[in-house]
$ cat structure.cif   # mmCIF, C-alpha atoms and all ligand atoms
data_query
#
loop_
_atom_site.label_atom_id
_atom_site.label_comp_id
_atom_site.auth_asym_id
_atom_site.auth_seq_id
_atom_site.Cartn_x
_atom_site.Cartn_y
_atom_site.Cartn_z
CA MET L 1 26.12 -22.99 -40.25
CA THR L 2 26.04 -25.88 -37.74
CA THR L 3 25.00 -24.84 -34.25
CA LEU L 4 27.57 -25.38 -31.51
CA LYS L 5 26.37 -27.25 -28.43
CA VAL L 6 27.22 -25.48 -25.21
CA THR L 7 27.44 -26.77 -21.63
CA VAL L 8 27.16 -24.01 -19.03
CA LEU L 9 28.70 -25.08 -15.71
CA GLY L 10 27.35 -22.72 -13.03
CA ALA L 11 24.40 -21.61 -15.17
CA THR L 12 22.54 -19.87 -12.33
CA GLY L 13 25.47 -17.59 -11.45
CA SER L 14 26.35 -14.16 -12.69
CA ILE L 15 28.62 -15.43 -15.51
CA GLY L 16 26.25 -18.32 -16.33
CA LEU L 17 23.30 -15.96 -16.82
CA SER L 18 25.36 -13.53 -18.91
CA THR L 19 26.45 -16.48 -21.07
CA LEU L 20 22.84 -17.57 -21.62
CA ASP L 21 21.96 -13.98 -22.50
CA VAL L 22 24.60 -13.92 -25.28
CA ILE L 23 23.66 -17.42 -26.50
CA ALA L 24 19.97 -16.45 -26.74
CA ARG L 25 20.92 -13.64 -29.14
CA HIS L 26 22.38 -16.18 -31.61
CA PRO L 27 20.08 -19.24 -31.83
CA GLU L 28 21.48 -20.05 -35.28
CA ARG L 29 25.01 -20.38 -33.84
CA TYR L 30 24.56 -21.91 -30.37
CA SER L 31 22.26 -24.33 -28.60
CA VAL L 32 22.27 -25.19 -24.90
CA PHE L 33 23.31 -28.79 -24.24
CA ALA L 34 23.57 -28.82 -20.42
CA LEU L 35 22.95 -26.48 -17.51
CA THR L 36 24.25 -26.97 -13.96
CA ALA L 37 23.57 -25.39 -10.57
CA PHE L 38 24.47 -26.01 -6.95
CA SER L 39 21.41 -25.14 -4.87
CA ARG L 40 19.19 -22.70 -6.79
CA VAL L 41 16.74 -25.35 -7.98
CA ALA L 42 13.88 -23.01 -8.93
CA GLU L 43 16.25 -20.87 -11.03
CA LEU L 44 17.69 -23.93 -12.76
CA LYS L 45 14.19 -25.20 -13.51
CA ALA L 46 13.22 -21.85 -15.09
CA LEU L 47 16.40 -21.91 -17.20
CA CYS L 48 15.65 -25.48 -18.33
CA LEU L 49 12.11 -24.52 -19.38
CA ARG L 50 13.54 -21.64 -21.39
CA HIS L 51 16.58 -23.34 -23.00
CA ARG L 52 15.40 -27.00 -23.11
CA PRO L 53 18.85 -28.61 -22.52
CA ARG L 54 19.56 -32.34 -22.95
CA PHE L 55 21.01 -32.48 -19.40
CA ALA L 56 20.73 -30.59 -16.13
CA VAL L 57 22.97 -31.20 -13.08
CA LEU L 58 22.33 -30.52 -9.38
CA ALA L 59 24.46 -31.28 -6.31
CA ASP L 60 21.76 -32.95 -4.22
CA GLU L 61 20.21 -36.31 -5.12
CA ALA L 62 16.75 -35.60 -3.66
CA GLN L 63 16.54 -32.17 -5.30
CA ALA L 64 17.60 -33.73 -8.59
CA ARG L 65 14.74 -36.27 -8.38
CA VAL L 66 12.19 -33.48 -7.81
CA LEU L 67 13.59 -31.44 -10.71
CA GLN L 68 13.52 -34.52 -12.95
CA ALA L 69 9.83 -35.11 -12.17
CA ASP L 70 8.97 -31.42 -12.68
CA LEU L 71 10.73 -31.22 -16.05
CA HIS L 72 9.14 -34.47 -17.17
CA ALA L 73 5.68 -33.16 -16.18
CA ALA L 74 6.40 -30.02 -18.22
CA GLY L 75 7.01 -32.21 -21.29
CA LEU L 76 10.81 -31.85 -21.38
CA ALA L 77 13.14 -34.75 -22.20
CA THR L 78 15.95 -33.19 -20.09
CA ARG L 79 17.83 -35.78 -17.98
CA VAL L 80 18.87 -34.60 -14.53
CA LEU L 81 22.28 -35.83 -13.28
CA VAL L 82 23.85 -35.44 -9.83
CA GLY L 83 27.11 -34.27 -8.26
CA CYS L 84 30.68 -34.05 -9.49
CA GLY L 85 30.18 -37.14 -11.70
CA GLY L 86 27.29 -35.42 -13.44
CA LEU L 87 29.29 -32.22 -13.91
CA CYS L 88 32.21 -34.12 -15.46
CA GLU L 89 29.84 -36.07 -17.72
CA VAL L 90 28.24 -32.96 -19.24
CA ALA L 91 31.65 -31.24 -19.51
CA ALA L 92 33.17 -34.16 -21.42
CA HIS L 93 30.14 -35.43 -23.38
CA PRO L 94 31.15 -36.28 -26.98
CA GLU L 95 28.37 -34.12 -28.43
CA VAL L 96 29.49 -30.96 -26.61
CA ASP L 97 31.51 -28.35 -28.52
CA VAL L 98 31.86 -25.54 -25.98
CA VAL L 99 32.07 -25.59 -22.16
CA MET L 100 31.61 -22.42 -20.13
CA ALA L 101 33.46 -23.09 -16.85
CA ALA L 102 31.62 -20.70 -14.52
CA ILE L 103 31.40 -22.60 -11.23
CA VAL L 104 32.93 -20.56 -8.42
CA GLY L 105 35.89 -21.95 -6.48
CA ALA L 106 37.66 -25.29 -6.20
CA ALA L 107 34.39 -27.15 -6.91
CA GLY L 108 34.92 -26.30 -10.57
CA LEU L 109 38.33 -27.94 -10.89
CA ARG L 110 37.38 -31.50 -11.90
CA PRO L 111 34.64 -30.62 -14.41
CA THR L 112 36.82 -27.91 -15.99
CA LEU L 113 39.74 -30.35 -16.31
CA SER L 114 37.36 -32.92 -17.82
CA ALA L 115 36.37 -30.40 -20.48
CA VAL L 116 40.03 -29.68 -21.23
CA GLN L 117 40.94 -33.39 -21.39
CA SER L 118 38.05 -34.05 -23.78
CA GLY L 119 39.27 -31.42 -26.21
CA LYS L 120 36.48 -28.87 -25.91
CA ARG L 121 36.55 -25.16 -26.55
CA VAL L 122 36.80 -24.18 -22.87
CA LEU L 123 35.71 -20.71 -21.79
CA LEU L 124 37.46 -20.19 -18.46
CA ALA L 125 35.75 -17.96 -15.89
CA ASN L 126 36.54 -20.30 -12.96
CA LYS L 127 39.99 -18.83 -12.26
CA GLU L 128 40.33 -20.82 -9.02
CA ALA L 129 40.61 -24.06 -11.04
CA LEU L 130 43.63 -22.77 -12.95
CA VAL L 131 45.21 -21.11 -9.90
CA MET L 132 45.05 -24.40 -7.98
CA SER L 133 46.31 -26.76 -10.64
CA GLY L 134 48.35 -24.44 -12.91
CA ALA L 135 51.04 -26.67 -14.44
CA LEU L 136 48.79 -29.76 -14.55
CA PHE L 137 45.99 -27.78 -16.17
CA MET L 138 48.30 -26.38 -18.86
CA GLN L 139 49.81 -29.84 -19.44
CA ALA L 140 46.33 -31.30 -19.96
CA LEU L 141 45.65 -28.49 -22.42
CA GLN L 142 48.79 -29.25 -24.42
CA GLN L 143 47.99 -32.95 -24.51
CA SER L 144 44.48 -32.43 -25.89
CA GLU L 145 42.81 -30.66 -28.79
CA ALA L 146 41.17 -28.24 -26.37
CA VAL L 147 41.17 -24.50 -26.99
CA LEU L 148 41.27 -22.38 -23.84
CA LEU L 149 39.79 -18.88 -24.01
CA PRO L 150 39.91 -16.58 -20.98
CA ILE L 151 36.66 -15.01 -19.78
CA ASP L 152 38.10 -12.96 -16.93
CA SER L 153 37.83 -9.48 -18.49
CA GLU L 154 41.53 -8.71 -17.84
CA HIS L 155 42.79 -11.96 -19.34
CA ASN L 156 40.41 -11.71 -22.25
CA ALA L 157 41.80 -8.20 -22.86
CA ILE L 158 45.42 -9.45 -22.64
CA PHE L 159 44.59 -12.32 -25.01
CA GLN L 160 43.24 -9.78 -27.50
CA CYS L 161 46.39 -7.62 -27.19
CA LEU L 162 48.95 -10.45 -27.50
CA PRO L 163 50.23 -12.01 -30.74
CA THR L 164 48.85 -15.49 -31.49
CA ASP L 165 52.16 -17.24 -30.67
CA TYR L 166 52.32 -15.86 -27.10
CA SER L 167 52.81 -19.34 -25.62
CA ARG L 168 56.49 -19.06 -26.69
CA GLY L 169 56.95 -16.75 -23.70
CA MET L 170 56.71 -13.01 -23.15
CA ALA L 171 60.32 -12.12 -24.04
CA ALA L 172 60.19 -14.25 -27.22
CA VAL L 173 57.21 -12.28 -28.55
CA GLY L 174 58.63 -8.87 -27.60
CA VAL L 175 56.53 -8.21 -24.52
CA ARG L 176 58.13 -6.21 -21.70
CA ARG L 177 55.26 -6.68 -19.25
CA ILE L 178 51.58 -7.29 -18.88
CA LEU L 179 49.69 -4.44 -17.23
CA LEU L 180 46.87 -6.05 -15.26
CA THR L 181 44.28 -3.41 -14.40
CA ALA L 182 42.31 -3.43 -11.15
CA SER L 183 39.30 -1.29 -10.23
CA GLY L 184 40.53 -1.14 -6.63
CA GLY L 185 37.12 -2.36 -5.41
CA PRO L 186 34.67 -0.65 -3.06
CA PHE L 187 37.33 0.16 -0.41
CA ARG L 188 39.90 1.75 -2.71
CA LYS L 189 39.88 5.02 -0.79
CA MET L 190 39.08 3.68 2.67
CA PRO L 191 41.68 4.31 5.41
CA ALA L 192 43.28 1.18 6.91
CA GLU L 193 41.60 1.68 10.33
CA ALA L 194 38.13 1.67 8.77
CA LEU L 195 38.66 -1.64 6.90
CA VAL L 196 38.35 -3.49 10.22
CA ASP L 197 34.64 -2.70 10.46
CA VAL L 198 33.36 -3.17 6.90
CA THR L 199 30.36 -5.51 6.41
CA PRO L 200 29.70 -8.22 3.81
CA GLU L 201 27.06 -5.93 2.26
CA GLN L 202 29.63 -3.16 1.78
CA ALA L 203 32.19 -5.61 0.40
CA CYS L 204 29.69 -7.01 -2.12
CA ALA L 205 28.68 -3.55 -3.43
CA HIS L 206 31.25 -3.29 -6.22
CA PRO L 207 31.39 0.14 -7.88
CA ASN L 208 31.65 -1.08 -11.50
CA TRP L 209 30.75 -4.77 -11.80
CA SER L 210 27.79 -6.88 -10.70
CA MET L 211 29.18 -10.30 -9.68
CA GLY L 212 28.73 -13.30 -7.38
CA ARG L 213 29.44 -12.78 -3.67
CA LYS L 214 32.76 -14.65 -3.46
CA ILE L 215 34.46 -12.74 -6.29
CA SER L 216 32.97 -9.49 -4.95
CA VAL L 217 34.71 -10.02 -1.60
CA ASP L 218 37.89 -11.01 -3.48
CA SER L 219 37.69 -7.74 -5.40
CA ALA L 220 37.29 -5.79 -2.17
CA SER L 221 40.35 -7.48 -0.60
CA MET L 222 42.26 -7.39 -3.91
CA MET L 223 42.76 -11.14 -3.64
CA ASN L 224 40.90 -11.22 -6.94
CA LYS L 225 43.82 -9.37 -8.52
CA GLY L 226 46.23 -11.74 -6.79
CA LEU L 227 44.42 -14.78 -8.19
CA GLU L 228 44.38 -13.04 -11.58
CA LEU L 229 48.13 -12.47 -11.43
CA ILE L 230 48.64 -16.23 -10.97
CA GLU L 231 46.05 -16.92 -13.68
CA ALA L 232 47.89 -14.60 -16.10
CA CYS L 233 51.23 -16.33 -15.48
CA TRP L 234 49.77 -19.72 -16.45
CA LEU L 235 47.63 -18.54 -19.35
CA PHE L 236 50.32 -16.46 -21.02
CA ASN L 237 53.51 -18.25 -19.98
CA ALA L 238 54.68 -15.20 -18.02
CA ARG L 239 56.75 -14.87 -14.85
CA PRO L 240 55.18 -13.08 -11.86
CA SER L 241 57.73 -10.25 -12.30
CA GLN L 242 56.38 -9.71 -15.85
CA VAL L 243 52.89 -8.90 -14.56
CA GLU L 244 52.34 -5.47 -13.04
CA VAL L 245 49.10 -4.47 -11.32
CA VAL L 246 47.76 -0.98 -12.11
CA VAL L 247 44.73 0.42 -10.30
CA HIS L 248 42.34 1.97 -12.84
CA PRO L 249 39.12 2.98 -11.04
CA GLN L 250 36.94 3.45 -14.16
CA SER L 251 37.28 -0.22 -15.34
CA VAL L 252 37.21 0.91 -18.97
CA ILE L 253 40.66 -0.39 -19.92
CA HIS L 254 40.45 -4.09 -19.12
CA SER L 255 44.25 -4.63 -19.25
CA MET L 256 47.24 -3.82 -21.46
CA VAL L 257 50.36 -5.32 -23.01
CA ASP L 258 53.58 -3.29 -23.01
CA TYR L 259 55.99 -4.20 -25.86
CA VAL L 260 59.77 -3.68 -25.96
CA ASP L 261 59.43 -1.10 -28.76
CA GLY L 262 57.40 1.14 -26.44
CA SER L 263 53.98 0.24 -27.88
CA VAL L 264 51.27 -0.39 -25.32
CA LEU L 265 48.13 -2.18 -26.58
CA ALA L 266 44.94 -1.99 -24.56
CA GLN L 267 41.44 -3.41 -24.85
CA LEU L 268 38.65 -1.07 -23.77
CA GLY L 269 34.94 -1.51 -23.26
CA ASN L 270 32.04 -0.99 -20.90
CA PRO L 271 32.35 -3.14 -17.78
CA ASP L 272 29.95 -5.90 -18.88
CA MET L 273 31.04 -9.56 -18.93
CA ARG L 274 28.97 -10.23 -22.05
CA THR L 275 31.83 -8.67 -24.09
CA PRO L 276 34.52 -11.25 -23.14
CA ILE L 277 31.88 -14.01 -23.23
CA ALA L 278 30.82 -13.12 -26.78
CA HIS L 279 34.46 -12.76 -27.80
CA ALA L 280 35.35 -16.23 -26.53
CA LEU L 281 32.19 -17.89 -27.88
CA ALA L 282 32.75 -16.60 -31.42
CA TRP L 283 36.56 -16.31 -31.55
CA PRO L 284 38.14 -15.63 -34.02
CA GLU L 285 34.90 -14.09 -35.32
CA ARG L 286 32.96 -11.29 -33.64
CA ILE L 287 29.29 -11.31 -32.68
CA ASP L 288 26.86 -8.91 -31.02
CA SER L 289 26.94 -9.24 -27.22
CA GLY L 290 24.16 -6.85 -26.30
CA VAL L 291 26.70 -4.47 -24.72
CA SER L 292 26.26 -0.82 -25.67
CA ALA L 293 29.01 1.12 -27.47
CA LEU L 294 31.68 2.72 -25.30
CA ASP L 295 31.03 6.45 -24.84
CA LEU L 296 34.47 7.91 -24.12
CA LEU L 297 33.17 11.48 -24.16
CA ARG L 298 30.79 10.65 -21.32
CA ILE L 299 33.57 8.89 -19.36
CA GLY L 300 35.89 11.85 -19.90
CA GLN L 301 38.87 10.72 -17.80
CA LEU L 302 40.86 7.56 -17.22
CA GLU L 303 42.96 7.41 -14.04
CA PHE L 304 45.82 5.14 -12.94
CA GLN L 305 47.31 4.51 -9.50
CA ALA L 306 49.74 2.11 -7.83
CA PRO L 307 48.14 -0.64 -5.70
CA ASP L 308 48.52 -0.26 -1.92
CA ASP L 309 50.00 -3.50 -0.54
CA ALA L 310 49.85 -2.21 3.03
CA ARG L 311 46.06 -1.85 3.05
CA PHE L 312 45.52 -4.83 0.74
CA PRO L 313 48.03 -7.51 1.86
CA CYS L 314 46.22 -10.24 -0.12
CA LEU L 315 47.84 -9.00 -3.31
CA ARG L 316 51.31 -9.45 -1.79
CA LEU L 317 50.41 -12.89 -0.41
CA ALA L 318 49.29 -13.99 -3.87
CA ARG L 319 52.44 -12.65 -5.52
CA GLU L 320 54.54 -14.59 -3.00
CA ALA L 321 52.53 -17.76 -3.69
CA ALA L 322 53.01 -17.24 -7.44
CA GLU L 323 56.76 -16.97 -6.93
CA ALA L 324 56.89 -19.99 -4.57
CA GLY L 325 54.98 -22.14 -7.11
CA GLY L 326 54.21 -25.83 -6.39
CA THR L 327 51.25 -26.22 -4.06
CA ALA L 328 51.46 -22.63 -2.72
CA PRO L 329 48.75 -21.19 -5.03
CA ALA L 330 46.39 -24.09 -4.18
CA MET L 331 46.89 -23.42 -0.45
CA LEU L 332 46.44 -19.68 -0.92
CA ASN L 333 43.23 -20.30 -2.84
CA ALA L 334 41.80 -22.80 -0.35
CA ALA L 335 42.59 -20.62 2.68
CA ASN L 336 41.00 -17.68 0.90
CA GLU L 337 37.83 -19.66 0.09
CA VAL L 338 37.42 -20.63 3.76
CA ALA L 339 38.17 -17.08 4.94
CA VAL L 340 35.75 -15.44 2.50
CA GLU L 341 32.96 -17.80 3.52
CA ALA L 342 33.67 -17.03 7.19
CA PHE L 343 33.59 -13.29 6.46
CA LEU L 344 30.29 -13.62 4.58
CA GLY L 345 28.96 -15.62 7.55
CA ARG L 346 30.09 -12.78 9.89
CA ARG L 347 32.50 -15.06 11.79
CA ILE L 348 35.57 -12.92 11.08
CA ARG L 349 36.45 -9.33 10.26
CA PHE L 350 37.31 -8.29 6.71
CA THR L 351 40.96 -7.70 7.64
CA GLU L 352 41.20 -11.22 9.09
CA ILE L 353 40.85 -12.74 5.61
CA ALA L 354 44.51 -11.87 5.00
CA SER L 355 45.48 -13.01 8.54
CA ILE L 356 44.05 -16.49 7.92
CA ILE L 357 45.78 -16.87 4.56
CA ALA L 358 49.14 -15.67 5.92
CA ASP L 359 48.80 -18.05 8.89
CA VAL L 360 48.05 -21.06 6.66
CA LEU L 361 50.92 -20.27 4.28
CA GLU L 362 53.32 -19.90 7.20
CA GLN L 363 52.34 -23.20 8.79
CA GLU L 364 52.31 -25.47 5.77
CA ALA L 365 55.42 -26.13 3.69
CA VAL L 366 55.11 -25.79 -0.07
CA GLY L 367 55.28 -29.11 -1.88
CA ALA L 368 55.54 -30.19 -5.51
CA ALA L 369 52.28 -30.18 -7.49
CA GLY L 370 53.18 -33.19 -9.61
CA CYS L 371 49.73 -34.74 -9.83
CA LEU L 372 46.13 -33.85 -9.09
CA ASP L 373 46.26 -35.63 -5.73
CA ASP L 374 49.12 -33.35 -4.59
CA VAL L 375 46.93 -30.35 -5.39
CA LEU L 376 43.79 -31.76 -3.77
CA MET L 377 45.72 -32.74 -0.63
CA ALA L 378 47.26 -29.27 -0.33
CA ASP L 379 43.76 -27.82 -0.78
CA GLN L 380 42.35 -30.04 1.99
CA GLN L 381 45.25 -29.37 4.35
CA ALA L 382 44.92 -25.59 3.88
CA ARG L 383 41.17 -25.83 4.56
CA ARG L 384 41.91 -27.77 7.77
CA LEU L 385 44.46 -25.17 8.93
CA ALA L 386 42.09 -22.31 8.09
CA GLY L 387 39.36 -24.16 10.01
CA ASP L 388 41.72 -24.45 13.02
CA TRP L 389 42.33 -20.70 12.86
CA LEU L 390 38.57 -20.11 12.90
CA GLY L 391 38.26 -22.48 15.86
CA ARG L 392 40.81 -20.39 17.77
CA HIS L 393 39.77 -16.87 16.73
CA GLY L 394 36.43 -16.97 14.85
CA ARG L 395 33.08 -15.93 16.34
P1 LIG G 401 28.16 -16.90 -8.75
O1 LIG G 401 28.25 -17.13 -7.31
O2 LIG G 401 27.22 -15.87 -9.26
O3 LIG G 401 27.78 -18.28 -9.48
C1 LIG G 401 28.46 -19.47 -9.19
C2 LIG G 401 27.83 -20.65 -9.91
O4 LIG G 401 28.52 -21.83 -9.47
C3 LIG G 401 26.35 -20.87 -9.57
O5 LIG G 401 25.68 -21.35 -10.72
C4 LIG G 401 26.39 -21.97 -8.51
O6 LIG G 401 25.22 -22.76 -8.53
C5 LIG G 401 27.59 -22.77 -8.93
N1 LIG G 401 28.24 -23.43 -7.79
C6 LIG G 401 28.67 -22.85 -6.64
N2 LIG G 401 29.22 -23.75 -5.81
C7 LIG G 401 29.15 -24.95 -6.45
C8 LIG G 401 29.54 -26.28 -6.10
N3 LIG G 401 30.10 -26.57 -4.92
N4 LIG G 401 29.30 -27.26 -7.01
C9 LIG G 401 28.73 -26.98 -8.20
N5 LIG G 401 28.33 -25.75 -8.57
C10 LIG G 401 28.55 -24.74 -7.71
O7 LIG G 401 29.64 -16.60 -9.27
P2 LIG G 401 30.10 -15.77 -10.55
O8 LIG G 401 30.27 -14.35 -10.19
O9 LIG G 401 29.26 -16.11 -11.73
O10 LIG G 401 31.58 -16.35 -10.75
C11 LIG G 401 31.82 -17.62 -11.32
C12 LIG G 401 33.30 -17.76 -11.63
O11 LIG G 401 33.65 -16.78 -12.62
C13 LIG G 401 34.22 -17.47 -10.44
O12 LIG G 401 35.33 -18.31 -10.49
C14 LIG G 401 34.64 -16.04 -10.64
O13 LIG G 401 35.90 -15.76 -10.08
C15 LIG G 401 34.70 -15.96 -12.15
N6 LIG G 401 34.52 -14.60 -12.68
C16 LIG G 401 33.35 -13.94 -12.48
C17 LIG G 401 33.18 -12.65 -12.97
C18 LIG G 401 31.87 -11.91 -12.79
O14 LIG G 401 31.73 -10.79 -13.33
N7 LIG G 401 30.88 -12.43 -12.09
C19 LIG G 401 34.23 -12.04 -13.66
C20 LIG G 401 35.42 -12.74 -13.84
C21 LIG G 401 35.54 -14.03 -13.37
MG MG G 402 38.68 -10.05 -13.59
#
$ encode --input "structure.cif" --output "structure tokens"
Amino acid sequence: MTTLKVTVLGATGSIGLSTLDVIARHPERYSVFALTAFSRVAELKALCLRHRPRFAVLADEAQARVLQADLHAAGLATRVLVGCGGLCEVAAHPEVDVVMAAIVGAAGLRPTLSAVQSGKRVLLANKEALVMSGALFMQALQQSEAVLLPIDSEHNAIFQCLPTDYSRGMAAVGVRRILLTASGGPFRKMPAEALVDVTPEQACAHPNWSMGRKISVDSASMMNKGLELIEACWLFNARPSQVEVVVHPQSVIHSMVDYVDGSVLAQLGNPDMRTPIAHALAWPERIDSGVSALDLLRIGQLEFQAPDDARFPCLRLAREAAEAGGTAPAMLNAANEVAVEAFLGRRIRFTEIASIIADVLEQEAVGAAGCLDDVLMADQQARRLAGDWLGRHGR
């Protein structure tokens, strides 16, 4: 068996580390080609010493020089590259077989697109990239040899429950609707009045999953589910009305597909991202992920509830952006990124995340997303408007 060379974009993050954990279990199948990080230099250095990649990428030139000298002194031949150019280079490098796209936010868009355009097997965790550039991203996929496999646990579950020709459209393959499950996050039972005072620490303490801070806040506001709704529409050629959100607090069913004959297929498992990562790495084969077997007798009960749009308006805002199309999802995403950062920096209240996004979407008209520049300009404009809001109301 030839070993597949893997680039891990966002190697120091929660998904990046889980990916390296799965890869390390199968040295005969996978080798690490490149590892990238934003600012955690010490962590990236430790990962390089362990996995000995051909390339490492950092955002800052001076930090990259120090890392290069350190790795050289340690006897490694790893070359350290810098910035977005470096990320795109290791995503598109001719020797790379697999790219794990696990950078958080819009920063991952260009490198993820580069991987798609160069025909890689692309493991997509970076949902923001697809939400922003939807049609362009899917067009690039069709025009290349790339294979796109979803890492988001819900989308990985849906992928596993759909027939292989799902790109023909949901109705054509006999699907009535996709049931996108949501844990409901840490504030699922919190009364609306109390949401005003929640802290970043509370928002980041997810009941079932251990994740990066941005997606943890998104899960608490349910914007994560909103982004996932848009993601599902692009990945599976579905209309927003064909995707229904179901709150399922145990996070054991990772999503379901409801067929016209009344069959509902679900994928279940412990809430551990190594399962979808291993699935996508080995697809269509199966490999050990290190995740323990599901113990249904211990879990005992599975519950389902309707989402509450009144307490979690982000879900509604995302659905509206999905229906509006064009640049609306890119604006929604950009406003949300600015708002989440402001919340984590204690400049705004939790409930103001939705206020900022609604304000930005009201002010800026939706345009066509015909090329990447349209998307990037909408992203920049939404960030400016969100910044103005912070200037007026933020602390
Ligand atoms: P994280 O914050 O733990 O890690 C993010 C990674 O991206 C880090 O390696 C960081 O160095 C890098 N990064 C951040 N900003 C960057 C920038 N400007 N330029 C280059 N690199 C940058 O995040 P995470 O939880 O691992 O999530 C990563 C992505 O996967 C997100 O899009 C998230 O929505 C998605 N996702 C995560 C989970 C999960 O369980 N953690 C589940 C589903 C989807
Ligand atoms: Mg998810």
$ residues_near_ligand --input "structure.cif" --ligand "ligand MG 402 (chain G)" --cutoff "8 Å" --atoms "all atoms listed in the file" --output "compact mmCIF listing (two decimals) with C-alpha atoms, in the coordinates of the input"
# COMPACT_ATOMS: atom_id res chain seq x y z
CA ASP L 152 38.10 -12.96 -16.93
CA SER L 153 37.83 -9.48 -18.49
CA GLU L 154 41.53 -8.71 -17.84
CA HIS L 155 42.79 -11.96 -19.34
CA ALA L 182 42.31 -3.43 -11.15
CA ASN L 224 40.90 -11.22 -6.94
CA LYS L 225 43.82 -9.37 -8.52
CA GLU L 228 44.38 -13.04 -11.58
$ closest_residue --input "structure.cif" --among "L:Val147, L:Leu44, L:Met170, L:Val198" --to "ligand LIG 401 (chain G)" --atoms "only C-alpha atoms and all ligand atoms"
L:Leu44
$ residues_around --input "structure.cif" --residues "Ser31 in chain L" --least-positions-apart "6" --cutoff "9 Å" --atoms "only C-alpha atoms" --output "list in words"
Thr3, Leu4, Lys5, Val6, Ile23, Ala24, His51 and Pro53 of chain L
$ write_last_selection --input "structure.cif" --atoms "C-alpha atoms" --output "PDB file, in the frame of the given file"
ATOM      1  CA  THR L   3      25.000 -24.840 -34.250  1.00  0.00           C
ATOM      2  CA  LEU L   4      27.570 -25.380 -31.510  1.00  0.00           C
ATOM      3  CA  LYS L   5      26.370 -27.250 -28.430  1.00  0.00           C
ATOM      4  CA  VAL L   6      27.220 -25.480 -25.210  1.00  0.00           C
ATOM      5  CA  ILE L  23      23.660 -17.420 -26.500  1.00  0.00           C
ATOM      6  CA  ALA L  24      19.970 -16.450 -26.740  1.00  0.00           C
ATOM      7  CA  HIS L  51      16.580 -23.340 -23.000  1.00  0.00           C
ATOM      8  CA  PRO L  53      18.850 -28.610 -22.520  1.00  0.00           C
TER       9      PRO L  53
END
$ closest_atom_pairs --input "structure.cif" --of "chain L" --to "ligand LIG 401 (chain G)" --cutoff "9 Å" --atoms "all atoms listed in the file" --output "Markdown table"
| residue | atom | partner | partner_atom | distance |
| --- | --- | --- | --- | --- |
| L:Val8 | CA | G:LIG401 | O5 | 8.8 |
| L:Leu9 | CA | G:LIG401 | O5 | 6.9 |
| L:Gly10 | CA | G:LIG401 | O5 | 3.2 |
| L:Ala11 | CA | G:LIG401 | O5 | 4.6 |
| L:Thr12 | CA | G:LIG401 | O5 | 3.8 |
| L:Gly13 | CA | G:LIG401 | O3 | 3.1 |
| L:Ser14 | CA | G:LIG401 | O9 | 3.6 |
| L:Ile15 | CA | G:LIG401 | O9 | 3.9 |
| L:Gly16 | CA | G:LIG401 | O9 | 5.9 |
| L:Leu17 | CA | G:LIG401 | O9 | 7.8 |
| L:Ser18 | CA | G:LIG401 | O9 | 8.6 |
| L:Leu35 | CA | G:LIG401 | O5 | 8.9 |
| L:Thr36 | CA | G:LIG401 | O5 | 6.6 |
| L:Ala37 | CA | G:LIG401 | O6 | 3.7 |
| L:Phe38 | CA | G:LIG401 | O6 | 3.7 |
| L:Ser39 | CA | G:LIG401 | O6 | 5.8 |
| L:Arg40 | CA | G:LIG401 | O6 | 6.3 |
| L:Val41 | CA | G:LIG401 | O6 | 8.9 |
| L:Leu44 | CA | G:LIG401 | O5 | 8.6 |
| L:Val57 | CA | G:LIG401 | C9 | 8.6 |
| L:Leu58 | CA | G:LIG401 | C9 | 7.4 |
| L:Ala59 | CA | G:LIG401 | N4 | 6.3 |
| L:Gly83 | CA | G:LIG401 | N4 | 7.4 |
| L:Cys84 | CA | G:LIG401 | N4 | 7.4 |
| L:Leu87 | CA | G:LIG401 | C9 | 7.8 |
| L:Ala101 | CA | G:LIG401 | C12 | 7.5 |
| L:Ala102 | CA | G:LIG401 | C11 | 4.4 |
| L:Ile103 | CA | G:LIG401 | O4 | 3.5 |
| L:Val104 | CA | G:LIG401 | O12 | 3.9 |
| L:Gly105 | CA | G:LIG401 | O12 | 5.4 |
| L:Ala106 | CA | G:LIG401 | N3 | 7.8 |
| L:Ala107 | CA | G:LIG401 | N3 | 4.8 |
| L:Gly108 | CA | G:LIG401 | C9 | 6.7 |
| L:Leu124 | CA | G:LIG401 | O11 | 7.8 |
| L:Ala125 | CA | G:LIG401 | O11 | 4.1 |
| L:Asn126 | CA | G:LIG401 | O12 | 3.4 |
| L:Lys127 | CA | G:LIG401 | O12 | 5.0 |
| L:Glu128 | CA | G:LIG401 | O12 | 5.8 |
| L:Ala129 | CA | G:LIG401 | O12 | 7.8 |
| L:Ile151 | CA | G:LIG401 | C20 | 6.5 |
| L:Asp152 | CA | G:LIG401 | C20 | 4.1 |
| L:Ser153 | CA | G:LIG401 | C20 | 6.2 |
| L:Glu154 | CA | G:LIG401 | C20 | 8.3 |
| L:Trp209 | CA | G:LIG401 | O14 | 6.3 |
| L:Ser210 | CA | G:LIG401 | O14 | 6.1 |
| L:Met211 | CA | G:LIG401 | N7 | 3.6 |
| L:Gly212 | CA | G:LIG401 | O8 | 3.4 |
| L:Arg213 | CA | G:LIG401 | O1 | 5.8 |
| L:Lys214 | CA | G:LIG401 | O1 | 6.4 |
| L:Ile215 | CA | G:LIG401 | O13 | 5.1 |
| L:Ser216 | CA | G:LIG401 | O8 | 7.6 |
| L:Asp218 | CA | G:LIG401 | O13 | 8.4 |
| L:Asn224 | CA | G:LIG401 | O13 | 7.4 |
| L:Leu227 | CA | G:LIG401 | O13 | 8.8 |
| L:Pro271 | CA | G:LIG401 | O14 | 8.9 |
| L:Asp272 | CA | G:LIG401 | O14 | 7.6 |
| L:Met273 | CA | G:LIG401 | O14 | 5.8 |
